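Trainee: Dropping in protein_23.cif, with mmCIF, C-alpha atoms and all ligand atoms.
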```
data_model
loop_
_atom_site.label_atom_id
_atom_site.label_comp_id
_atom_site.auth_asym_id
_atom_site.auth_seq_id
_atom_site.Cartn_x
_atom_site.Cartn_y
_atom_site.Cartn_z
CA MET A 1 -66.52 34.52 -83.34
CA HIS A 2 -64.05 32.16 -81.62
CA ARG A 3 -65.04 28.48 -81.56
CA ILE A 4 -63.44 26.46 -78.79
CA LEU A 5 -63.42 22.79 -77.82
CA ALA A 6 -62.52 22.10 -74.15
CA ILE A 7 -61.66 18.57 -73.00
CA ASN A 8 -61.40 17.31 -69.40
CA PRO A 9 -60.50 13.64 -69.05
CA GLY A 10 -61.13 12.62 -65.39
CA SER A 11 -60.45 9.41 -63.50
CA THR A 12 -64.05 8.23 -63.98
CA SER A 13 -65.38 10.48 -66.75
CA THR A 14 -64.65 12.30 -70.00
CA LYS A 15 -66.12 15.80 -70.00
CA PHE A 16 -66.04 18.12 -73.01
CA ALA A 17 -67.70 21.31 -74.16
CA VAL A 18 -67.93 23.58 -77.18
CA TYR A 19 -68.01 27.34 -76.71
CA PHE A 20 -68.80 30.03 -79.27
CA ASP A 21 -66.96 32.91 -77.60
CA ASP A 22 -68.22 32.78 -73.99
CA LYS A 23 -71.44 30.93 -74.86
CA CYS A 24 -71.52 27.20 -74.16
CA VAL A 25 -73.31 25.39 -77.02
CA LEU A 26 -72.47 21.80 -76.04
CA ASN A 27 -71.55 20.28 -72.67
CA LYS A 28 -71.25 16.53 -72.23
CA THR A 29 -70.16 14.26 -69.42
CA ILE A 30 -69.57 10.61 -70.26
CA ARG A 31 -69.18 8.52 -67.08
CA HIS A 32 -66.95 5.43 -67.31
CA SER A 33 -67.60 2.48 -65.02
CA MET A 34 -64.72 0.87 -63.08
CA ASP A 35 -65.20 -2.28 -65.21
CA GLU A 36 -64.87 -0.32 -68.46
CA LEU A 37 -61.64 1.37 -67.36
CA MET A 38 -60.17 -1.76 -65.76
CA SER A 39 -60.09 -3.42 -69.20
CA TYR A 40 -57.24 -1.03 -70.19
CA LYS A 41 -53.69 -1.72 -69.02
CA ASN A 42 -53.01 1.97 -68.47
CA VAL A 43 -54.39 5.46 -69.04
CA VAL A 44 -52.71 5.97 -72.44
CA GLU A 45 -54.48 2.89 -73.79
CA GLN A 46 -57.81 4.67 -73.16
CA PHE A 47 -56.95 7.29 -75.81
CA ASP A 48 -59.07 5.87 -78.69
CA PHE A 49 -61.94 4.98 -76.38
CA ARG A 50 -62.20 8.52 -74.98
CA LYS A 51 -61.50 10.23 -78.32
CA GLY A 52 -64.37 8.29 -79.90
CA PHE A 53 -66.93 9.85 -77.53
CA ILE A 54 -65.80 13.37 -78.37
CA ILE A 55 -65.73 12.98 -82.15
CA ASP A 56 -69.08 11.12 -82.19
CA ALA A 57 -70.78 13.78 -80.06
CA LEU A 58 -69.51 16.64 -82.23
CA VAL A 59 -70.86 14.92 -85.33
CA GLU A 60 -74.18 13.96 -83.68
CA GLU A 61 -74.73 17.49 -82.41
CA GLY A 62 -74.07 18.94 -85.87
CA ILE A 63 -71.05 20.96 -84.76
CA GLU A 64 -68.97 21.88 -87.78
CA VAL A 65 -65.62 20.49 -86.58
CA ASP A 66 -63.53 22.47 -89.08
CA SER A 67 -64.86 25.72 -87.61
CA ILE A 68 -63.19 24.99 -84.25
CA LYS A 69 -59.81 26.72 -84.17
CA THR A 70 -58.86 26.33 -80.51
CA VAL A 71 -58.75 23.01 -78.66
CA ILE A 72 -57.83 23.10 -74.97
CA GLY A 73 -57.31 20.12 -72.68
CA ARG A 74 -56.76 19.63 -68.96
CA GLY A 75 -53.01 19.42 -68.39
CA GLY A 76 -51.63 16.17 -67.00
CA LEU A 77 -48.73 14.71 -65.03
CA THR A 78 -45.87 16.23 -67.04
CA TYR A 79 -42.99 18.00 -65.27
CA PRO A 80 -44.00 20.87 -62.92
CA LEU A 81 -45.12 24.16 -64.47
CA GLU A 82 -46.10 27.61 -63.28
CA SER A 83 -49.77 28.53 -63.58
CA GLY A 84 -50.89 29.67 -67.04
CA VAL A 85 -51.81 28.64 -70.59
CA TYR A 86 -49.36 26.46 -72.53
CA ARG A 87 -49.16 25.51 -76.18
CA VAL A 88 -49.14 21.72 -76.58
CA ASN A 89 -45.78 20.69 -78.07
CA ASN A 90 -44.05 17.40 -78.82
CA GLN A 91 -42.12 17.36 -75.55
CA MET A 92 -45.32 17.82 -73.55
CA ILE A 93 -46.99 14.99 -75.48
CA LYS A 94 -43.97 12.74 -74.91
CA HIS A 95 -43.98 13.42 -71.16
CA ALA A 96 -47.76 13.03 -70.82
CA HIS A 97 -47.59 9.77 -72.78
CA LYS A 98 -44.82 8.45 -70.56
CA GLY A 99 -46.50 9.77 -67.40
CA VAL A 100 -43.27 11.24 -66.02
CA LEU A 101 -44.98 12.01 -62.69
CA GLY A 102 -47.50 9.16 -62.80
CA GLN A 103 -50.51 7.75 -64.63
CA HIS A 104 -53.67 9.85 -64.41
CA ALA A 105 -56.50 10.46 -66.90
CA SER A 106 -55.45 14.11 -67.20
CA ASN A 107 -52.37 12.88 -69.16
CA LEU A 108 -54.81 12.38 -72.02
CA GLY A 109 -55.73 16.11 -72.01
CA PRO A 110 -52.82 17.39 -74.13
CA MET A 111 -52.83 14.22 -76.23
CA LEU A 112 -56.51 14.53 -77.16
CA ALA A 113 -56.29 18.30 -77.73
CA ASP A 114 -53.27 17.84 -80.01
CA TYR A 115 -54.81 14.97 -81.98
CA ILE A 116 -58.07 16.81 -82.64
CA ALA A 117 -56.36 20.13 -83.49
CA LEU A 118 -54.17 18.31 -86.03
CA GLN A 119 -57.30 17.12 -87.90
CA ILE A 120 -58.52 20.71 -88.37
CA PRO A 121 -56.87 23.22 -90.73
CA ASN A 122 -55.21 26.08 -88.75
CA ALA A 123 -56.36 24.85 -85.36
CA GLN A 124 -54.15 25.10 -82.26
CA ALA A 125 -53.94 23.01 -79.06
CA PHE A 126 -53.37 24.29 -75.53
CA ILE A 127 -53.61 23.29 -71.87
CA ALA A 128 -54.19 25.55 -68.85
CA ASP A 129 -53.38 25.36 -65.12
CA PRO A 130 -52.36 21.68 -65.29
CA VAL A 131 -52.48 19.31 -62.31
CA VAL A 132 -48.69 19.83 -61.97
CA THR A 133 -49.03 23.60 -61.46
CA ASP A 134 -46.26 24.37 -59.01
CA GLU A 135 -46.10 27.55 -56.92
CA LEU A 136 -44.86 25.93 -53.69
CA ASP A 137 -42.70 27.87 -51.29
CA ASP A 138 -39.31 26.16 -51.12
CA VAL A 139 -39.78 25.32 -47.46
CA ALA A 140 -42.92 23.34 -48.39
CA ARG A 141 -40.90 21.06 -50.70
CA VAL A 142 -38.83 19.50 -47.93
CA ALA A 143 -40.07 15.98 -47.32
CA GLY A 144 -37.93 14.73 -44.45
CA HIS A 145 -35.16 12.75 -46.17
CA PRO A 146 -32.79 13.94 -48.91
CA ASN A 147 -33.92 11.15 -51.27
CA PHE A 148 -37.47 12.52 -51.26
CA GLU A 149 -39.14 15.79 -52.19
CA ARG A 150 -42.75 16.94 -51.90
CA VAL A 151 -44.36 17.72 -55.28
CA SER A 152 -47.29 19.91 -56.25
CA ILE A 153 -50.03 17.77 -57.82
CA PHE A 154 -53.55 19.05 -57.28
CA HIS A 155 -56.81 20.31 -58.80
CA ALA A 156 -55.15 23.56 -59.87
CA LEU A 157 -57.70 24.41 -62.54
CA ASN A 158 -60.77 24.18 -60.30
CA GLN A 159 -59.07 25.55 -57.18
CA LYS A 160 -57.92 28.67 -59.03
CA ALA A 161 -61.20 29.10 -60.94
CA THR A 162 -63.18 28.82 -57.67
CA ALA A 163 -60.85 31.26 -55.94
CA ARG A 164 -61.36 33.78 -58.78
CA VAL A 165 -65.18 33.35 -58.65
CA HIS A 166 -65.04 34.02 -54.91
CA ALA A 167 -62.80 37.06 -55.35
CA GLN A 168 -65.26 38.49 -57.86
CA LYS A 169 -68.16 37.80 -55.48
CA VAL A 170 -66.50 39.82 -52.71
CA ASN A 171 -65.33 42.53 -55.15
CA LYS A 172 -61.64 41.83 -54.64
CA GLN A 173 -58.73 40.69 -56.81
CA TYR A 174 -57.66 37.06 -56.35
CA GLU A 175 -54.09 38.38 -56.02
CA THR A 176 -55.00 40.38 -52.90
CA LEU A 177 -56.61 37.55 -50.92
CA ASN A 178 -55.40 34.72 -48.67
CA LEU A 179 -57.68 31.71 -49.23
CA ILE A 180 -57.83 28.06 -48.26
CA VAL A 181 -59.44 26.12 -51.10
CA ALA A 182 -60.55 22.50 -50.65
CA HIS A 183 -61.38 20.55 -53.84
CA LEU A 184 -63.46 17.60 -52.66
CA GLY A 185 -64.04 15.17 -55.53
CA GLY A 186 -62.79 11.71 -56.56
CA GLY A 187 -59.44 13.03 -55.33
CA ILE A 188 -59.08 15.66 -52.59
CA SER A 189 -56.61 18.54 -52.48
CA VAL A 190 -56.51 21.47 -50.07
CA GLY A 191 -54.37 24.48 -51.01
CA ALA A 192 -53.10 27.59 -49.25
CA HIS A 193 -53.59 30.42 -51.79
CA LYS A 194 -51.41 33.32 -50.67
CA LYS A 195 -52.18 36.41 -52.76
CA GLY A 196 -52.75 34.34 -55.91
CA ARG A 197 -50.03 31.69 -55.39
CA VAL A 198 -50.64 28.18 -54.08
CA VAL A 199 -47.71 28.13 -51.66
CA ASP A 200 -48.60 24.75 -50.12
CA VAL A 201 -51.02 21.98 -51.03
CA ASN A 202 -51.27 18.25 -50.40
CA ASN A 203 -50.41 16.00 -53.33
CA GLY A 204 -54.01 15.05 -54.16
CA PHE A 205 -52.95 12.22 -56.42
CA ASP A 206 -50.87 9.74 -54.50
CA GLY A 207 -50.22 9.52 -50.84
CA GLU A 208 -50.74 12.86 -49.14
CA GLY A 209 -53.54 14.54 -47.26
CA PRO A 210 -57.07 13.34 -46.47
CA PHE A 211 -58.41 10.09 -47.86
CA SER A 212 -60.96 10.59 -50.65
CA PRO A 213 -63.72 8.54 -52.31
CA GLU A 214 -61.07 6.48 -54.16
CA ARG A 215 -57.68 7.37 -52.63
CA ALA A 216 -55.98 6.54 -49.35
CA GLY A 217 -54.24 9.88 -48.71
CA THR A 218 -51.44 9.79 -46.12
CA LEU A 219 -50.89 6.25 -44.79
CA PRO A 220 -48.84 5.24 -41.72
CA VAL A 221 -45.48 4.83 -43.47
CA GLY A 222 -44.12 2.01 -41.28
CA GLN A 223 -47.21 -0.11 -41.95
CA LEU A 224 -46.98 0.70 -45.65
CA ILE A 225 -43.33 -0.45 -45.82
CA ALA A 226 -44.26 -3.66 -43.99
CA ALA A 227 -47.08 -4.33 -46.49
CA CYS A 228 -44.69 -3.70 -49.43
CA TYR A 229 -42.22 -6.32 -48.14
CA SER A 230 -44.75 -8.81 -46.77
CA GLY A 231 -44.70 -10.80 -50.01
CA LYS A 232 -48.53 -10.67 -49.96
CA TYR A 233 -48.95 -7.90 -52.52
CA SER A 234 -47.58 -6.97 -55.94
CA GLU A 235 -46.46 -3.37 -56.61
CA ASP A 236 -49.60 -2.88 -58.66
CA GLN A 237 -51.80 -4.04 -55.75
CA ILE A 238 -50.07 -1.64 -53.36
CA ARG A 239 -50.41 1.22 -55.84
CA ARG A 240 -54.12 0.46 -56.19
CA MET A 241 -54.53 0.59 -52.38
CA VAL A 242 -53.25 4.19 -52.61
CA VAL A 243 -55.12 5.31 -55.76
CA GLY A 244 -58.30 3.65 -57.01
CA GLU A 245 -59.07 1.25 -54.16
CA GLY A 246 -58.35 3.44 -51.14
CA GLY A 247 -60.72 5.68 -49.18
CA TYR A 248 -64.46 4.97 -49.53
CA VAL A 249 -63.73 2.23 -52.12
CA GLY A 250 -61.56 0.37 -49.60
CA TYR A 251 -63.80 0.85 -46.55
CA LEU A 252 -67.24 0.74 -48.16
CA GLY A 253 -66.84 -0.64 -51.70
CA THR A 254 -68.05 2.47 -53.54
CA ASN A 255 -66.45 5.61 -54.99
CA SER A 256 -69.78 7.44 -54.77
CA ALA A 257 -69.78 9.94 -51.92
CA GLN A 258 -73.47 10.42 -52.63
CA GLU A 259 -74.13 6.75 -51.93
CA VAL A 260 -72.10 6.95 -48.69
CA GLN A 261 -74.10 10.00 -47.63
CA GLU A 262 -77.37 8.16 -48.27
CA LEU A 263 -76.15 5.09 -46.35
CA ALA A 264 -75.08 7.29 -43.43
CA GLN A 265 -78.44 9.09 -43.43
CA SER A 266 -80.29 5.77 -43.42
CA GLY A 267 -78.47 4.78 -40.20
CA ASN A 268 -75.60 2.63 -41.52
CA GLU A 269 -73.10 3.06 -38.65
CA LYS A 270 -70.00 2.14 -40.65
CA ALA A 271 -70.82 4.58 -43.44
CA LYS A 272 -71.53 7.28 -40.83
CA PHE A 273 -68.20 6.66 -39.10
CA ILE A 274 -66.07 6.58 -42.27
CA GLN A 275 -67.82 9.65 -43.67
CA GLU A 276 -67.09 11.49 -40.41
CA ALA A 277 -63.43 10.40 -40.65
CA LEU A 278 -63.20 11.97 -44.11
CA PHE A 279 -64.78 15.23 -42.85
CA TYR A 280 -62.37 15.15 -39.88
CA GLN A 281 -59.29 14.75 -42.09
CA VAL A 282 -60.38 17.56 -44.42
CA SER A 283 -60.95 19.89 -41.43
CA LYS A 284 -57.53 18.99 -40.02
CA ILE A 285 -55.65 19.92 -43.20
CA ILE A 286 -57.59 23.21 -43.42
CA GLY A 287 -56.06 23.93 -40.00
CA GLU A 288 -52.58 23.12 -41.38
CA MET A 289 -53.06 25.51 -44.28
CA ALA A 290 -54.24 28.23 -41.86
CA VAL A 291 -50.85 27.91 -40.15
CA VAL A 292 -49.11 28.23 -43.55
CA LEU A 293 -51.02 31.52 -43.98
CA GLU A 294 -50.12 32.57 -40.40
CA GLY A 295 -53.80 32.77 -39.50
CA LYS A 296 -54.43 35.58 -41.99
CA VAL A 297 -57.19 33.80 -43.91
CA ASP A 298 -59.85 35.77 -45.78
CA ALA A 299 -62.06 32.74 -46.48
CA ILE A 300 -62.24 28.96 -46.65
CA LEU A 301 -63.77 27.69 -49.91
CA LEU A 302 -65.27 24.21 -50.38
CA THR A 303 -65.71 22.96 -53.94
CA GLY A 304 -66.03 19.68 -55.92
CA GLY A 305 -68.80 17.08 -55.89
CA LEU A 306 -68.69 16.38 -52.15
CA ALA A 307 -69.38 20.04 -51.40
CA TYR A 308 -73.04 19.37 -52.29
CA ASN A 309 -73.27 17.54 -48.97
CA GLU A 310 -74.69 19.98 -46.40
CA GLU A 311 -73.54 17.76 -43.50
CA LEU A 312 -69.95 18.22 -44.68
CA GLU A 313 -70.35 21.98 -44.81
CA LYS A 314 -71.83 22.05 -41.28
CA TYR A 315 -69.07 19.82 -39.91
CA ILE A 316 -66.27 21.88 -41.46
CA GLN A 317 -67.92 25.10 -40.31
CA ILE A 318 -67.94 23.83 -36.71
CA LYS A 319 -64.32 22.63 -36.80
CA THR A 320 -62.72 25.46 -38.79
CA GLY A 321 -65.15 28.41 -38.49
CA PHE A 322 -62.79 29.99 -35.92
CA ILE A 323 -60.24 30.44 -38.74
CA ALA A 324 -62.45 32.21 -41.32
CA THR A 325 -65.90 32.10 -42.91
CA VAL A 326 -66.59 28.93 -44.90
CA TYR A 327 -68.12 29.40 -48.40
CA THR A 328 -69.38 26.55 -50.55
CA TYR A 329 -69.06 26.36 -54.34
CA PRO A 330 -70.35 22.85 -55.06
CA GLY A 331 -69.30 20.91 -58.17
CA GLU A 332 -66.60 22.02 -60.54
CA ASP A 333 -66.55 23.93 -63.79
CA GLU A 334 -63.21 22.98 -65.21
CA LEU A 335 -64.57 23.06 -68.77
CA GLU A 336 -65.68 26.67 -68.40
CA ALA A 337 -62.31 27.54 -66.85
CA LEU A 338 -60.51 25.88 -69.79
CA ALA A 339 -62.75 27.54 -72.38
CA MET A 340 -62.31 31.00 -70.83
CA ASN A 341 -58.52 30.55 -70.85
CA ALA A 342 -58.74 29.58 -74.54
CA LEU A 343 -60.92 32.60 -75.27
CA ARG A 344 -58.37 34.91 -73.63
CA VAL A 345 -55.70 33.33 -75.88
CA ALA A 346 -57.85 33.70 -79.02
CA ARG A 347 -58.48 37.37 -78.14
CA GLY A 348 -54.76 37.94 -77.53
CA GLU A 349 -55.39 38.84 -73.88
CA VAL A 350 -52.99 36.32 -72.44
CA GLU A 351 -49.41 35.33 -73.16
CA VAL A 352 -49.08 31.69 -74.18
CA LYS A 353 -46.23 29.86 -72.44
CA GLU A 354 -43.94 27.20 -73.91
CA TYR A 355 -43.37 23.83 -72.22
CA GLN A 356 -39.58 23.51 -72.09
CA LYS A 357 -38.56 20.63 -69.86
N1 LIG B 1 -75.14 15.93 -54.82
C1 LIG B 1 -74.08 15.27 -54.32
N2 LIG B 1 -74.00 15.01 -52.99
C2 LIG B 1 -72.93 14.36 -52.47
N3 LIG B 1 -71.88 13.90 -53.20
C3 LIG B 1 -71.93 14.14 -54.53
C4 LIG B 1 -73.02 14.83 -55.16
N4 LIG B 1 -72.76 14.90 -56.50
C5 LIG B 1 -71.56 14.29 -56.69
N5 LIG B 1 -71.08 13.82 -55.52
C6 LIG B 1 -69.85 13.03 -55.31
O1 LIG B 1 -68.71 13.76 -55.74
C7 LIG B 1 -67.70 12.85 -56.22
C8 LIG B 1 -67.22 13.34 -57.58
O2 LIG B 1 -66.87 14.69 -57.50
P1 LIG B 1 -66.28 15.49 -58.75
O3 LIG B 1 -65.85 16.83 -58.23
O4 LIG B 1 -67.23 15.43 -59.89
O5 LIG B 1 -65.03 14.53 -59.00
P2 LIG B 1 -63.69 14.63 -59.83
O6 LIG B 1 -62.67 15.14 -58.86
O7 LIG B 1 -63.45 13.21 -60.19
O8 LIG B 1 -63.94 15.57 -60.98
C9 LIG B 1 -68.37 11.48 -56.29
O9 LIG B 1 -67.94 10.68 -55.20
C10 LIG B 1 -69.84 11.80 -56.20
O10 LIG B 1 -70.59 10.76 -55.57
C1 LIG B 2 -53.97 14.34 -60.50
C2 LIG B 2 -54.59 15.33 -59.51
C3 LIG B 2 -55.95 15.74 -59.96
C4 LIG B 2 -56.98 14.71 -59.63
O1 LIG B 2 -56.82 13.93 -58.70
O2 LIG B 2 -58.08 14.75 -60.40
P1 LIG B 2 -59.40 13.82 -60.22
O3 LIG B 2 -59.91 14.05 -58.81
O4 LIG B 2 -60.32 14.36 -61.28
O5 LIG B 2 -59.01 12.41 -60.47
#
```
Render the structure in this file as C-alpha cells.
Mentor:
Amino acid sequence: MHRILAINPGSTSTKFAVYFDDKCVLNKTIRHSMDELMSYKNVVEQFDFRKGFIIDALVEEGIEVDSIKTVIGRGGLTYPLESGVYRVNNQMIKHAHKGVLGQHASNLGPMLADYIALQIPNAQAFIADPVVTDELDDVARVAGHPNFERVSIFHALNQKATARVHAQKVNKQYETLNLIVAHLGGGISVGAHKKGRVVDVNNGFDGEGPFSPERAGTLPVGQLIAACYSGKYSEDQIRRMVVGEGGYVGYLGTNSAQEVQELAQSGNEKAKFIQEALFYQVSKIIGEMAVVLEGKVDAILLTGGLAYNEELEKYIQIKTGFIATVYTYPGEDELEALAMNALRVARGEVEVKEYQK
C-alpha cells in the first residue's frame, strides 16, 4: 500500500490530507485569519507556523509518520514549468524561498514537502501542476511593450483536475476537448484549455483579469501609475491594493464571498452592485477565452468556492450561454488531485520531471 501526504498551503488556509492508495484517511483544513498572517513579514516566515499544524495533526490522528513514503505539495511561484509531476530539488527550494515570481503561500508547498520527506527514511518529495504551469501560445505572451511579458500564473492544479473530471463525465478524453475553466476562489483565473493545453489564461495572482474576493485584477494603468508616484503610498501599500486588499476586501471589507452573497440577498445595495460587477467581469473574460478558442467551445466549467453561489451560475449562464453549456463543479479538490498524482508516481505510471532552471 502507498501512503501519501498531500499539502496545499493557500493564501488563507493550510490544507493537508493523508491517502492510503486512493483512500483518503485524513483531510484537514486549517483557516488562518488575516490578523494571524499579518504578523509575518512574508510568506516564507510562515513556514514553522504552517508546518506545526501538519505535524501535530499527524501525531494526534495516530498516523505513523515513518510509513509515509511520498509527500507532495502544491507548487509555487518558481520559474515557469510545463504541466506534470516534479521532484523537489535544491534549485526549486531556492527559487520558492526567494519567490522568483512573487510571494504566495504556494511557495511553501515544495518547502514543506521537502522538509517533511527529509524527516522520514526513504521518503520522497514532489509537486504537481504548480501555479506557474505554462502552456501559453507565444502570441498570448505579448504584453504591449518590449519591457513587459505576460506570464502564466493560475490555479493550474484545480483547473486541470476539474477539466479531467468533466471529460470523464462526458466520456471523452481531456485532450480532445476545448474548455473554458473559471476557478473562482480567493483568487480568480479563467483559462482557455485547447485539447489539454492552457493556451491563454489571466494571471490570477497579480494584476490581470477579473477582481476577486481579495485581489484587484486589471486596474486602469494610468491611474495606477499616478497612485504610485503620488507620494501617498509606499510600494507595499500599492502591492496590497492589488493582492490582499483589492476586490471585495477593498470595496466591502471582507474576503468572504459567502458574506457578500448574504449581504446582497438581504438587500444591501452596495454588496449587490459589487457582486454583480464581479459576475460581469468573470463573464467578460469567458467571452475573451471563447475568442481564443475561435468559438469552438465544448463547455464552460465553473469551479472554486464562489461556484457554490447559484446566482453566479445563473448570471454567467445568461451572459455566456450562447457560447457553450455552463457546468458547475463547486469547491476545489486540490488535495485529491495532488494525492492522485503522487499515487501515479508511486505506481510508476507517470514520468517524474526534473526542475532545471
Ligand atoms: N457556499 C458558498 N457560497 C458562496 N461562496 C462560498 C461558499 N463557500 C466558500 N465560498 C467563498 O469562496 C471563497 C474561497 O474559495 P476557495 O476556492 O476555497 O479559495 P482558494 O482559491 O483560496 O482556495 C471565499 O471567498 C468563500 O467565502
Ligand atoms: C498564485 C495563483 C494561485 C492562487 O491565486 O491561489 P489562491 O487563490 O489559493 O490564493
Trainee: May I have the residues within 9 Å of ligand LIG 2 (chain B), computed using only C-alpha atoms and all ligand atoms, as a PyMOL selection string?
Mentor: chain A and resi 8-13+76-77+102-107+130-132+153-156+183-189+203-206+212+214-215+304
Trainee: Report as a Markdown table: every residue of segment 261-347 of chain A with an atom at most 12 Å from segment 169-176 of chain A, its closest pair of atoms, and their distance in Å to one decimal, counting all atoms listed in the file, with rows sorted by chain and ascending residue number.
Mentor:
```
| residue | atom | partner | partner_atom | distance |
| --- | --- | --- | --- | --- |
| A:Lys296 | CA | A:Thr176 | CA | 11.9 |
| A:Val297 | CA | A:Thr176 | CA | 11.4 |
| A:Asp298 | CA | A:Thr176 | CA | 9.8 |
| A:Ala299 | CA | A:Val170 | CA | 10.4 |
| A:Tyr327 | CA | A:Lys169 | CA | 11.0 |
| A:Tyr329 | CA | A:Lys169 | CA | 11.5 |
```
Trainee: With C-alpha atoms retained, could you export that selection as a short mmCIF file (atom, residue, chain, number, x, y, z; two decimals), in the coordinates of the input?
Mentor:
```
data_model
loop_
_atom_site.label_atom_id
_atom_site.label_comp_id
_atom_site.auth_asym_id
_atom_site.auth_seq_id
_atom_site.Cartn_x
_atom_site.Cartn_y
_atom_site.Cartn_z
CA LYS A 296 -54.43 35.58 -41.99
CA VAL A 297 -57.19 33.80 -43.91
CA ASP A 298 -59.85 35.77 -45.78
CA ALA A 299 -62.06 32.74 -46.48
CA TYR A 327 -68.12 29.40 -48.40
CA TYR A 329 -69.06 26.36 -54.34
#
```
Trainee: With distances taken over only C-alpha atoms and all ligand atoms, which residue among A:Ile300, A:Leu177, A:Val260, A:Ile286 lies nearest ligand LIG 1 (chain B)?
Mentor: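 Using only C-alpha atoms and all ligand atoms, ligand LIG 1 (chain B) sits closest to A:Val260.
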Trainee: Compare A:Val249, A:Val165, A:Leu301, A:Leu136 by their minimum atom-to-atom distance to Val199 of chain A, counting only C-alpha atoms, and give me the closest one.
Mentor: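 Under the stated criterion, the closest residue is A:Leu136.
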Trainee: Could you pull the residues within 8 Å of Ile120 of chain A, counting all atoms listed in the file, minus those fewer than 2 positions along the same chain, as JSON, numbers by chain?
Mentor: {"A": [65, 66, 68, 69, 116, 117, 118, 122, 123]}
Trainee: Could you check which of A:Ala324, A:Leu26, A:Met92, A:Ala192 is closest to Glu60 of chain A, using all atoms listed in the file?
Mentor: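 Among the listed residues, A:Leu26 lies closest to Glu60 of chain A.
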Trainee: What is the distance between atom CA of Asp138 of chain A and atom CA of Lys284 of chain A, in Å to one decimal?
Mentor: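 Spanning atom CA of Asp138 of chain A to atom CA of Lys284 of chain A is a straight-line distance of 22.5 Å.
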Trainee: Counting all atoms listed in the file, which of A:Pro220, A:Gly84, A:Gly247, A:Gly331 gets nearest to ligand LIG 1 (chain B)?
Mentor: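 Of the candidates, the smallest distance to ligand LIG 1 (chain B) is held by A:Gly331.
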Trainee: Which distance in Å separates atom CA of Asn309 of chain A and atom C1 of ligand LIG 1 (chain B), to one decimal?
Mentor: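 Computing the Euclidean distance for atom CA of Asn309 of chain A and atom C1 of ligand LIG 1 (chain B) yields 5.9 Å.
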Trainee: Excluding Ala271 of chain A and residues on its chain fewer than 2 positions from it, collect all residues at most 9 Å away from it, counting all atoms listed in the file, and give them as a list in words.
Mentor: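 Close residues of Ala271 of chain A: Tyr248, Tyr251, Leu252, Val260, Gln261, Glu262, Leu263, Ala264, Gln265, Gly267, Asn268, Glu269, Phe273, Ile274, Gln275 and Glu276 of chain A.
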Trainee: Name the residues in contact with Gly73 of chain A at a cut-off of 12 Å, using only C-alpha atoms, excluding same-chain residues fewer than 6 positions from it; report them as a VMD selection string.
Mentor: chain A and resid 4 to 10 14 to 17 85 to 88 93 105 to 117 124 to 131 157 334 to 339 341 to 342
Trainee: Using C-alpha atoms, can you export the residues from the last selection as an mmCIF file, in the coordinates of the input?
Mentor:
```cif
data_model
loop_
_atom_site.group_PDB
_atom_site.id
_atom_site.type_symbol
_atom_site.label_atom_id
_atom_site.label_comp_id
_atom_site.auth_asym_id
_atom_site.auth_seq_id
_atom_site.Cartn_x
_atom_site.Cartn_y
_atom_site.Cartn_z
ATOM 1 C CA ILE A 4 -63.440 26.460 -78.790
ATOM 2 C CA LEU A 5 -63.420 22.790 -77.820
ATOM 3 C CA ALA A 6 -62.520 22.100 -74.150
ATOM 4 C CA ILE A 7 -61.660 18.570 -73.000
ATOM 5 C CA ASN A 8 -61.400 17.310 -69.400
ATOM 6 C CA PRO A 9 -60.500 13.640 -69.050
ATOM 7 C CA GLY A 10 -61.130 12.620 -65.390
ATOM 8 C CA THR A 14 -64.650 12.300 -70.000
ATOM 9 C CA LYS A 15 -66.120 15.800 -70.000
ATOM 10 C CA PHE A 16 -66.040 18.120 -73.010
ATOM 11 C CA ALA A 17 -67.700 21.310 -74.160
ATOM 12 C CA VAL A 85 -51.810 28.640 -70.590
ATOM 13 C CA TYR A 86 -49.360 26.460 -72.530
ATOM 14 C CA ARG A 87 -49.160 25.510 -76.180
ATOM 15 C CA VAL A 88 -49.140 21.720 -76.580
ATOM 16 C CA ILE A 93 -46.990 14.990 -75.480
ATOM 17 C CA ALA A 105 -56.500 10.460 -66.900
ATOM 18 C CA SER A 106 -55.450 14.110 -67.200
ATOM 19 C CA ASN A 107 -52.370 12.880 -69.160
ATOM 20 C CA LEU A 108 -54.810 12.380 -72.020
ATOM 21 C CA GLY A 109 -55.730 16.110 -72.010
ATOM 22 C CA PRO A 110 -52.820 17.390 -74.130
ATOM 23 C CA MET A 111 -52.830 14.220 -76.230
ATOM 24 C CA LEU A 112 -56.510 14.530 -77.160
ATOM 25 C CA ALA A 113 -56.290 18.300 -77.730
ATOM 26 C CA ASP A 114 -53.270 17.840 -80.010
ATOM 27 C CA TYR A 115 -54.810 14.970 -81.980
ATOM 28 C CA ILE A 116 -58.070 16.810 -82.640
ATOM 29 C CA ALA A 117 -56.360 20.130 -83.490
ATOM 30 C CA GLN A 124 -54.150 25.100 -82.260
ATOM 31 C CA ALA A 125 -53.940 23.010 -79.060
ATOM 32 C CA PHE A 126 -53.370 24.290 -75.530
ATOM 33 C CA ILE A 127 -53.610 23.290 -71.870
ATOM 34 C CA ALA A 128 -54.190 25.550 -68.850
ATOM 35 C CA ASP A 129 -53.380 25.360 -65.120
ATOM 36 C CA PRO A 130 -52.360 21.680 -65.290
ATOM 37 C CA VAL A 131 -52.480 19.310 -62.310
ATOM 38 C CA LEU A 157 -57.700 24.410 -62.540
ATOM 39 C CA GLU A 334 -63.210 22.980 -65.210
ATOM 40 C CA LEU A 335 -64.570 23.060 -68.770
ATOM 41 C CA GLU A 336 -65.680 26.670 -68.400
ATOM 42 C CA ALA A 337 -62.310 27.540 -66.850
ATOM 43 C CA LEU A 338 -60.510 25.880 -69.790
ATOM 44 C CA ALA A 339 -62.750 27.540 -72.380
ATOM 45 C CA ASN A 341 -58.520 30.550 -70.850
ATOM 46 C CA ALA A 342 -58.740 29.580 -74.540
#
```
Trainee: Which value, in Å to one decimal, gives the distance between atom CA of Leu81 of chain A and atom CA of Arg141 of chain A?
Mentor: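 Separating atom CA of Leu81 of chain A from atom CA of Arg141 of chain A is a distance of 14.7 Å.
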Trainee: Check the smallest atom-to-atom distance from each of A:Met38, A:Ala307, A:Met289, A:Val350 to ligand LIG 1 (chain B) using all atoms listed in the file, then report the winner.
Mentor: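 Using all atoms listed in the file, the shortest distance to ligand LIG 1 (chain B) belongs to A:Ala307.
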Trainee: Could you tell me which of A:Ile225, A:Val198, A:Ala257, A:Ala143 comes closest to ligand LIG 1 (chain B) if we count only C-alpha atoms and all ligand atoms?
Mentor: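 Residue with the minimum atom-to-atom distance to ligand LIG 1 (chain B): A:Ala257.
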